[in-house]
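Quick look at work-v5.txt (compact mmCIF, C-alpha atoms):
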```
# COMPACT_ATOMS: atom_id res chain seq x y z
CA MET A 1 -73.22 -13.19 -36.06
CA MET A 2 -72.13 -10.11 -37.96
CA ARG A 3 -69.87 -7.60 -36.30
CA LEU A 4 -70.12 -3.88 -37.02
CA TYR A 5 -67.15 -1.75 -36.02
CA THR A 6 -68.88 1.42 -35.01
CA TYR A 7 -68.71 4.85 -33.43
CA PHE A 8 -71.99 6.20 -32.11
CA ARG A 9 -71.70 9.66 -33.70
CA SER A 10 -70.36 8.59 -37.10
CA SER A 11 -72.95 9.36 -39.77
CA ALA A 12 -71.37 6.75 -42.05
CA VAL A 13 -71.97 4.05 -39.43
CA PHE A 14 -75.43 5.49 -38.74
CA ARG A 15 -76.32 4.68 -42.37
CA VAL A 16 -75.30 1.06 -41.95
CA ARG A 17 -77.12 0.67 -38.62
CA ILE A 18 -80.31 1.86 -40.33
CA ALA A 19 -79.89 -0.66 -43.14
CA LEU A 20 -79.21 -3.52 -40.73
CA ASN A 21 -82.28 -2.59 -38.70
CA LEU A 22 -84.51 -2.26 -41.76
CA LYS A 23 -83.50 -5.77 -42.77
CA GLY A 24 -83.95 -7.14 -39.27
CA LEU A 25 -80.37 -8.39 -39.10
CA SER A 26 -78.69 -9.02 -35.77
CA TYR A 27 -75.13 -7.85 -35.25
CA GLU A 28 -72.57 -7.28 -32.55
CA ALA A 29 -71.55 -3.64 -32.18
CA VAL A 30 -67.80 -3.28 -31.66
CA PRO A 31 -67.08 0.30 -30.55
CA VAL A 32 -64.11 2.12 -32.07
CA HIS A 33 -63.74 5.46 -30.30
CA LEU A 34 -62.56 8.00 -32.85
CA LEU A 35 -61.22 10.44 -30.23
CA ARG A 36 -60.02 8.35 -27.30
CA ASP A 37 -56.40 7.15 -27.13
CA GLY A 38 -55.47 9.34 -30.07
CA GLY A 39 -58.21 7.72 -32.11
CA GLN A 40 -58.72 3.97 -31.82
CA GLN A 41 -59.20 3.80 -35.60
CA HIS A 42 -55.43 4.29 -35.85
CA ALA A 43 -54.58 1.29 -33.67
CA PRO A 44 -52.71 -1.51 -35.52
CA GLU A 45 -55.43 -4.06 -34.75
CA PHE A 46 -58.07 -1.89 -36.43
CA THR A 47 -55.97 -0.79 -39.40
CA GLN A 48 -55.48 -4.45 -40.27
CA ARG A 49 -59.23 -4.46 -40.88
CA ASN A 50 -59.29 -1.11 -42.66
CA PRO A 51 -56.04 0.58 -43.73
CA SER A 52 -58.05 3.75 -44.38
CA HIS A 53 -58.46 4.21 -40.59
CA LEU A 54 -62.21 4.69 -41.01
CA VAL A 55 -65.44 3.24 -39.70
CA PRO A 56 -67.67 1.46 -40.50
CA VAL A 57 -66.26 -1.99 -41.04
CA LEU A 58 -68.59 -4.96 -41.34
CA ASP A 59 -67.41 -8.50 -40.61
CA ASP A 60 -69.93 -11.00 -41.94
CA ASP A 61 -68.68 -14.47 -41.10
CA GLY A 62 -65.11 -13.55 -41.95
CA ARG A 63 -65.98 -11.40 -44.96
CA THR A 64 -64.70 -7.88 -44.29
CA ILE A 65 -66.48 -5.02 -46.04
CA THR A 66 -65.62 -1.32 -45.75
CA GLN A 67 -67.27 1.90 -46.98
CA SER A 68 -70.83 2.48 -45.82
CA LEU A 69 -72.52 2.46 -49.23
CA ALA A 70 -70.64 -0.66 -50.30
CA ILE A 71 -71.71 -2.33 -47.04
CA ILE A 72 -75.35 -1.39 -47.58
CA GLU A 73 -75.35 -2.69 -51.16
CA TYR A 74 -73.63 -5.86 -49.97
CA LEU A 75 -76.38 -6.33 -47.38
CA ASP A 76 -79.02 -5.70 -50.04
CA GLU A 77 -77.57 -8.42 -52.24
CA GLN A 78 -76.89 -10.95 -49.48
CA TYR A 79 -80.13 -10.31 -47.58
CA PRO A 80 -82.51 -8.97 -50.27
CA THR A 81 -85.70 -8.62 -48.21
CA PRO A 82 -86.76 -5.88 -47.79
CA THR A 83 -84.90 -4.34 -50.70
CA LEU A 84 -83.27 -0.93 -50.34
CA LEU A 85 -83.07 -0.32 -54.09
CA PRO A 86 -85.96 -0.26 -56.59
CA LYS A 87 -86.12 -2.68 -59.52
CA GLY A 88 -85.76 -0.42 -62.55
CA ALA A 89 -82.30 0.64 -63.68
CA GLU A 90 -83.25 4.32 -63.93
CA GLN A 91 -84.84 4.40 -60.50
CA ARG A 92 -81.90 2.53 -58.97
CA ALA A 93 -79.55 5.10 -60.51
CA LYS A 94 -81.59 7.97 -59.07
CA VAL A 95 -81.55 6.44 -55.58
CA ARG A 96 -77.80 5.93 -55.80
CA ALA A 97 -77.27 9.46 -57.13
CA LEU A 98 -79.02 11.00 -54.13
CA ALA A 99 -77.07 8.76 -51.76
CA PHE A 100 -73.82 9.79 -53.48
CA ASP A 101 -74.81 13.47 -53.25
CA ILE A 102 -74.59 13.00 -49.50
CA ALA A 103 -71.86 10.41 -49.07
CA CYS A 104 -69.50 11.84 -51.70
CA ASP A 105 -70.25 15.57 -51.88
CA ILE A 106 -71.48 16.71 -48.44
CA HIS A 107 -70.19 14.34 -45.79
CA PRO A 108 -66.48 14.23 -46.75
CA LEU A 109 -66.20 18.00 -46.32
CA ASN A 110 -67.31 17.94 -42.69
CA ASN A 111 -66.25 14.60 -41.30
CA LEU A 112 -63.99 14.21 -38.29
CA ARG A 113 -60.61 13.97 -39.96
CA VAL A 114 -61.26 17.07 -42.05
CA MET A 115 -62.32 18.99 -38.94
CA GLN A 116 -59.21 17.78 -37.11
CA TYR A 117 -56.96 18.91 -39.97
CA LEU A 118 -58.60 22.33 -40.06
CA ALA A 119 -58.11 22.66 -36.30
CA THR A 120 -54.59 21.31 -35.82
CA ASP A 121 -52.80 21.99 -39.11
CA LEU A 122 -54.55 25.15 -40.29
CA ALA A 123 -55.43 26.62 -36.87
CA VAL A 124 -59.07 27.22 -37.81
CA ASP A 125 -61.10 27.94 -34.68
CA GLU A 126 -64.29 26.08 -33.76
CA ASP A 127 -66.70 28.82 -34.86
CA ARG A 128 -65.19 28.96 -38.33
CA ARG A 129 -65.04 25.16 -38.59
CA ASN A 130 -68.74 24.99 -37.78
CA ALA A 131 -69.44 27.73 -40.31
CA TRP A 132 -67.53 25.69 -42.90
CA SER A 133 -69.68 22.63 -42.16
CA ARG A 134 -72.93 24.58 -42.22
CA HIS A 135 -72.01 26.15 -45.55
CA TRP A 136 -71.37 22.87 -47.35
CA ILE A 137 -74.41 21.20 -45.81
CA ALA A 138 -76.57 24.12 -46.97
CA VAL A 139 -75.15 23.96 -50.50
CA GLY A 140 -75.74 20.22 -50.70
CA PHE A 141 -79.19 20.32 -49.15
CA ALA A 142 -80.36 23.04 -51.55
CA ALA A 143 -79.56 20.75 -54.49
CA ILE A 144 -81.11 17.69 -52.84
CA GLU A 145 -84.29 19.62 -51.96
CA ARG A 146 -84.69 20.59 -55.60
CA LYS A 147 -84.12 17.01 -56.76
CA LEU A 148 -86.67 15.66 -54.28
CA ARG A 149 -89.25 18.19 -55.44
CA GLU A 150 -88.62 17.26 -59.07
CA ILE A 151 -89.05 13.58 -58.20
CA GLY A 152 -92.39 14.48 -56.62
CA SER A 153 -92.65 11.26 -54.62
CA GLU A 154 -96.16 10.57 -53.37
CA GLY A 155 -94.82 8.57 -50.43
CA ASP A 156 -93.26 9.57 -47.13
CA TYR A 157 -89.69 8.81 -48.16
CA CYS A 158 -87.20 9.94 -50.78
CA PHE A 159 -88.58 7.48 -53.34
CA GLY A 160 -92.11 6.33 -52.63
CA ASN A 161 -93.61 4.48 -49.72
CA SER A 162 -90.60 2.56 -48.45
CA ALA A 163 -87.17 3.54 -47.21
CA THR A 164 -84.26 3.12 -49.60
CA LEU A 165 -80.51 3.61 -49.66
CA ALA A 166 -81.22 7.32 -50.16
CA ASP A 167 -83.09 7.57 -46.85
CA CYS A 168 -80.32 5.66 -45.08
CA CYS A 169 -77.96 8.43 -46.15
CA LEU A 170 -80.25 11.44 -45.78
CA VAL A 171 -81.29 10.91 -42.17
CA PRO A 172 -77.77 10.88 -40.65
CA GLN A 173 -76.86 13.99 -42.64
CA VAL A 174 -79.94 15.81 -41.34
CA PHE A 175 -79.00 14.68 -37.84
CA ASN A 176 -75.58 16.31 -38.35
CA ALA A 177 -77.22 19.46 -39.66
CA ILE A 178 -79.42 19.71 -36.57
CA ARG A 179 -76.43 19.12 -34.29
CA LEU A 180 -74.56 21.95 -36.05
CA LYS A 181 -77.62 24.23 -35.88
CA CYS A 182 -77.97 24.50 -39.65
CA PRO A 183 -81.13 26.38 -40.73
CA LEU A 184 -83.54 23.95 -42.41
CA ASP A 185 -86.49 26.21 -43.14
CA ASP A 186 -85.62 26.30 -46.85
CA VAL A 187 -85.63 22.49 -47.20
CA PRO A 188 -89.13 21.42 -46.06
CA THR A 189 -89.13 18.24 -48.16
CA ILE A 190 -85.93 17.08 -46.48
CA GLN A 191 -87.37 17.94 -43.07
CA SER A 192 -90.55 16.01 -43.77
CA ILE A 193 -88.69 12.89 -44.94
CA TYR A 194 -86.44 13.03 -41.88
CA GLU A 195 -89.43 13.28 -39.54
CA GLN A 196 -91.22 10.38 -41.24
CA CYS A 197 -88.12 8.19 -41.18
CA MET A 198 -87.48 8.83 -37.51
CA LYS A 199 -90.95 7.49 -36.71
CA LEU A 200 -89.74 4.06 -37.86
CA PRO A 201 -88.12 1.90 -35.15
CA ALA A 202 -85.30 0.95 -37.54
CA PHE A 203 -84.21 4.58 -37.79
CA GLU A 204 -84.89 5.49 -34.17
CA ARG A 205 -82.88 2.52 -32.84
CA ALA A 206 -79.99 3.47 -35.11
CA ALA A 207 -79.74 7.02 -33.74
CA PRO A 208 -76.48 7.97 -31.98
CA ALA A 209 -78.10 8.47 -28.57
CA ASN A 210 -79.38 4.88 -28.60
CA GLN A 211 -76.01 3.21 -29.15
CA PRO A 212 -74.16 1.28 -26.42
CA ASP A 213 -71.11 3.54 -26.78
CA ALA A 214 -73.10 6.81 -26.70
CA GLU A 215 -71.69 9.56 -24.53
```
As structure tokens, the full file:
Amino acid sequence: MMRLYTYFRSSAVFRVRIALNLKGLSYEAVPVHLLRDGGQQHAPEFTQRNPSHLVPVLDDDGRTITQSLAIIEYLDEQYPTPTLLPKGAEQRAKVRALAFDIACDIHPLNNLRVMQYLATDLAVDEDRRNAWSRHWIAVGFAAIERKLREIGSEGDYCFGNSATLADCCLVPQVFNAIRLKCPLDDVPTIQSIYEQCMKLPAFERAAPANQPDAE
């Protein structure tokens, strides 16, 4: 059985949980608490698996994969049904581009280690840290909303009538935006896709509140 080293609130792990659920793959969740004991991701046993001190980590029969998007593409190649990427090269590139908009441009600016650095090293208080996160989410979402409107998908998801890698990334980022009380009135397409995705059991089961290590 696969093992997924996870933290319930991590949006990066949330992406992978969605992908695993969409593909109907069973896995053992191995909690790595990012705050307890000084951060269990810094423990020697874990850093042997990922020297970057980050979750997720997937262990598939001894094959260790890190980075959420790399894990999802690995799963799509190893377990291709249902696919999370379309067939055409242009469409695949567009799905990846939207996923990268989130995973590379929005998420890194408001993930845990950045927030911890702002708090401990730069003495930025919680209100200003949250304002920082809301700002960069708003900037990123404005661009994604425009891209989604230009795509003009006739389906319920980012690209058509089935969930893709892009949806796996978008939903956790919207979840973070809601948690941080980011205004979403100006991004109705994003809101609609989020609502449609969360109607699917694969997305709902992957939500932070439904994880065994949820607090």
Q: Enter the distance from atom CA of Leu165 of chain A to atom CA of Arg129 of chain A, in Å, rounded to one decimal.
A: 28.7 Å
Could you build a table of the residues in segment 14-130 of chain A lying no more than 9 Å from segment 155-162 of chain A, giving for each the nearest pair of atoms and their separation in Å rounded to one decimal place, using only C-alpha atoms, ordered by chain and ascending residue number, as JSON lines?
```
{"residue": "A:Leu84", "atom": "CA", "partner": "A:Ser162", "partner_atom": "CA", "distance": 8.3}
{"residue": "A:Pro86", "atom": "CA", "partner": "A:Phe159", "partner_atom": "CA", "distance": 8.8}
{"residue": "A:Gln91", "atom": "CA", "partner": "A:Phe159", "partner_atom": "CA", "distance": 8.6}
{"residue": "A:Val95", "atom": "CA", "partner": "A:Phe159", "partner_atom": "CA", "distance": 7.5}
{"residue": "A:Leu98", "atom": "CA", "partner": "A:Cys158", "partner_atom": "CA", "distance": 8.9}
```
Q. What separation in Å, quoted to one decimal, exists between atom CA of Val57 of chain A and atom CA of Trp136 of chain A?
A. 26.2 Å
**Q.** Polymer residues at most 9 Å from segment 32-42 of chain A, all atoms listed in the file, same-chain spacing of 5 or more positions, as a PyMOL selection string
**A.** chain A and resi 5-8+10+47+50-55+112+213
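Shortest separation to Ile71 of chain A among A:Ile18, A:Ala89, A:Ala97, A:Ile178 occurs at residue A:Ile18, atoms counted being all atoms listed in the file.
Minimum atom-to-atom distance to Asn21 of chain A, evaluated using only C-alpha atoms, belongs to A:Tyr79 out of A:Phe175, A:Tyr79, A:Phe46, A:Phe141.
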Could you produce a table of the residues of segment 93-206 of chain A lying within 12 Å of segment 62-68 of chain A, with the nearest pair of atoms per residue and their separation in Å rounded to one decimal, using all atoms listed in the file, ordered by chain and increasing residue number, as a tab-separated table?
```
residue	atom	partner	partner_atom	distance
A:Ala99	CA	A:Ser68	CA	10.7
A:Phe100	CA	A:Ser68	CA	11.0
A:Ile102	CA	A:Ser68	CA	11.8
A:Ala103	CA	A:Ser68	CA	8.6
A:Cys104	CA	A:Ser68	CA	11.1
A:His107	CA	A:Ser68	CA	11.9
A:Leu165	CA	A:Ser68	CA	10.5
A:Cys168	CA	A:Ser68	CA	10.0
A:Cys169	CA	A:Ser68	CA	9.3
```
Keeping only C-alpha atoms, write the selected residues as a PDB file, keeping the file's coordinate frame.
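The resulting result-v1.pdb:
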```pdb
ATOM      1  CA  ALA A  99     -77.070   8.760 -51.760  1.00  0.00           C
ATOM      2  CA  PHE A 100     -73.820   9.790 -53.480  1.00  0.00           C
ATOM      3  CA  ILE A 102     -74.590  13.000 -49.500  1.00  0.00           C
ATOM      4  CA  ALA A 103     -71.860  10.410 -49.070  1.00  0.00           C
ATOM      5  CA  CYS A 104     -69.500  11.840 -51.700  1.00  0.00           C
ATOM      6  CA  HIS A 107     -70.190  14.340 -45.790  1.00  0.00           C
ATOM      7  CA  LEU A 165     -80.510   3.610 -49.660  1.00  0.00           C
ATOM      8  CA  CYS A 168     -80.320   5.660 -45.080  1.00  0.00           C
ATOM      9  CA  CYS A 169     -77.960   8.430 -46.150  1.00  0.00           C
TER      10      CYS A 169
END
```
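Take atom CA of Ile193 of chain A and atom CA of Val171 of chain A: the distance between them is 8.1 Å.
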Q: Please determine the residues with any atom at most 10 Å from (-76.0, 18.6, -40.8) (coordinates as given in the file, with all atoms listed in the file counting) and report them as a PyMOL selection string.
A: chain A and resi 11+106-107+110+133-138+141+170-184
Take the residues from that selection and put them in a file with C-alpha atoms, as a PDB file, in the coordinates of the input.
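Output saved as out02.pdb:
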```
ATOM      1  CA  SER A  11     -72.950   9.360 -39.770  1.00  0.00           C
ATOM      2  CA  ILE A 106     -71.480  16.710 -48.440  1.00  0.00           C
ATOM      3  CA  HIS A 107     -70.190  14.340 -45.790  1.00  0.00           C
ATOM      4  CA  ASN A 110     -67.310  17.940 -42.690  1.00  0.00           C
ATOM      5  CA  SER A 133     -69.680  22.630 -42.160  1.00  0.00           C
ATOM      6  CA  ARG A 134     -72.930  24.580 -42.220  1.00  0.00           C
ATOM      7  CA  HIS A 135     -72.010  26.150 -45.550  1.00  0.00           C
ATOM      8  CA  TRP A 136     -71.370  22.870 -47.350  1.00  0.00           C
ATOM      9  CA  ILE A 137     -74.410  21.200 -45.810  1.00  0.00           C
ATOM     10  CA  ALA A 138     -76.570  24.120 -46.970  1.00  0.00           C
ATOM     11  CA  PHE A 141     -79.190  20.320 -49.150  1.00  0.00           C
ATOM     12  CA  LEU A 170     -80.250  11.440 -45.780  1.00  0.00           C
ATOM     13  CA  VAL A 171     -81.290  10.910 -42.170  1.00  0.00           C
ATOM     14  CA  PRO A 172     -77.770  10.880 -40.650  1.00  0.00           C
ATOM     15  CA  GLN A 173     -76.860  13.990 -42.640  1.00  0.00           C
ATOM     16  CA  VAL A 174     -79.940  15.810 -41.340  1.00  0.00           C
ATOM     17  CA  PHE A 175     -79.000  14.680 -37.840  1.00  0.00           C
ATOM     18  CA  ASN A 176     -75.580  16.310 -38.350  1.00  0.00           C
ATOM     19  CA  ALA A 177     -77.220  19.460 -39.660  1.00  0.00           C
ATOM     20  CA  ILE A 178     -79.420  19.710 -36.570  1.00  0.00           C
ATOM     21  CA  ARG A 179     -76.430  19.120 -34.290  1.00  0.00           C
ATOM     22  CA  LEU A 180     -74.560  21.950 -36.050  1.00  0.00           C
ATOM     23  CA  LYS A 181     -77.620  24.230 -35.880  1.00  0.00           C
ATOM     24  CA  CYS A 182     -77.970  24.500 -39.650  1.00  0.00           C
ATOM     25  CA  PRO A 183     -81.130  26.380 -40.730  1.00  0.00           C
ATOM     26  CA  LEU A 184     -83.540  23.950 -42.410  1.00  0.00           C
TER      27      LEU A 184
END
```
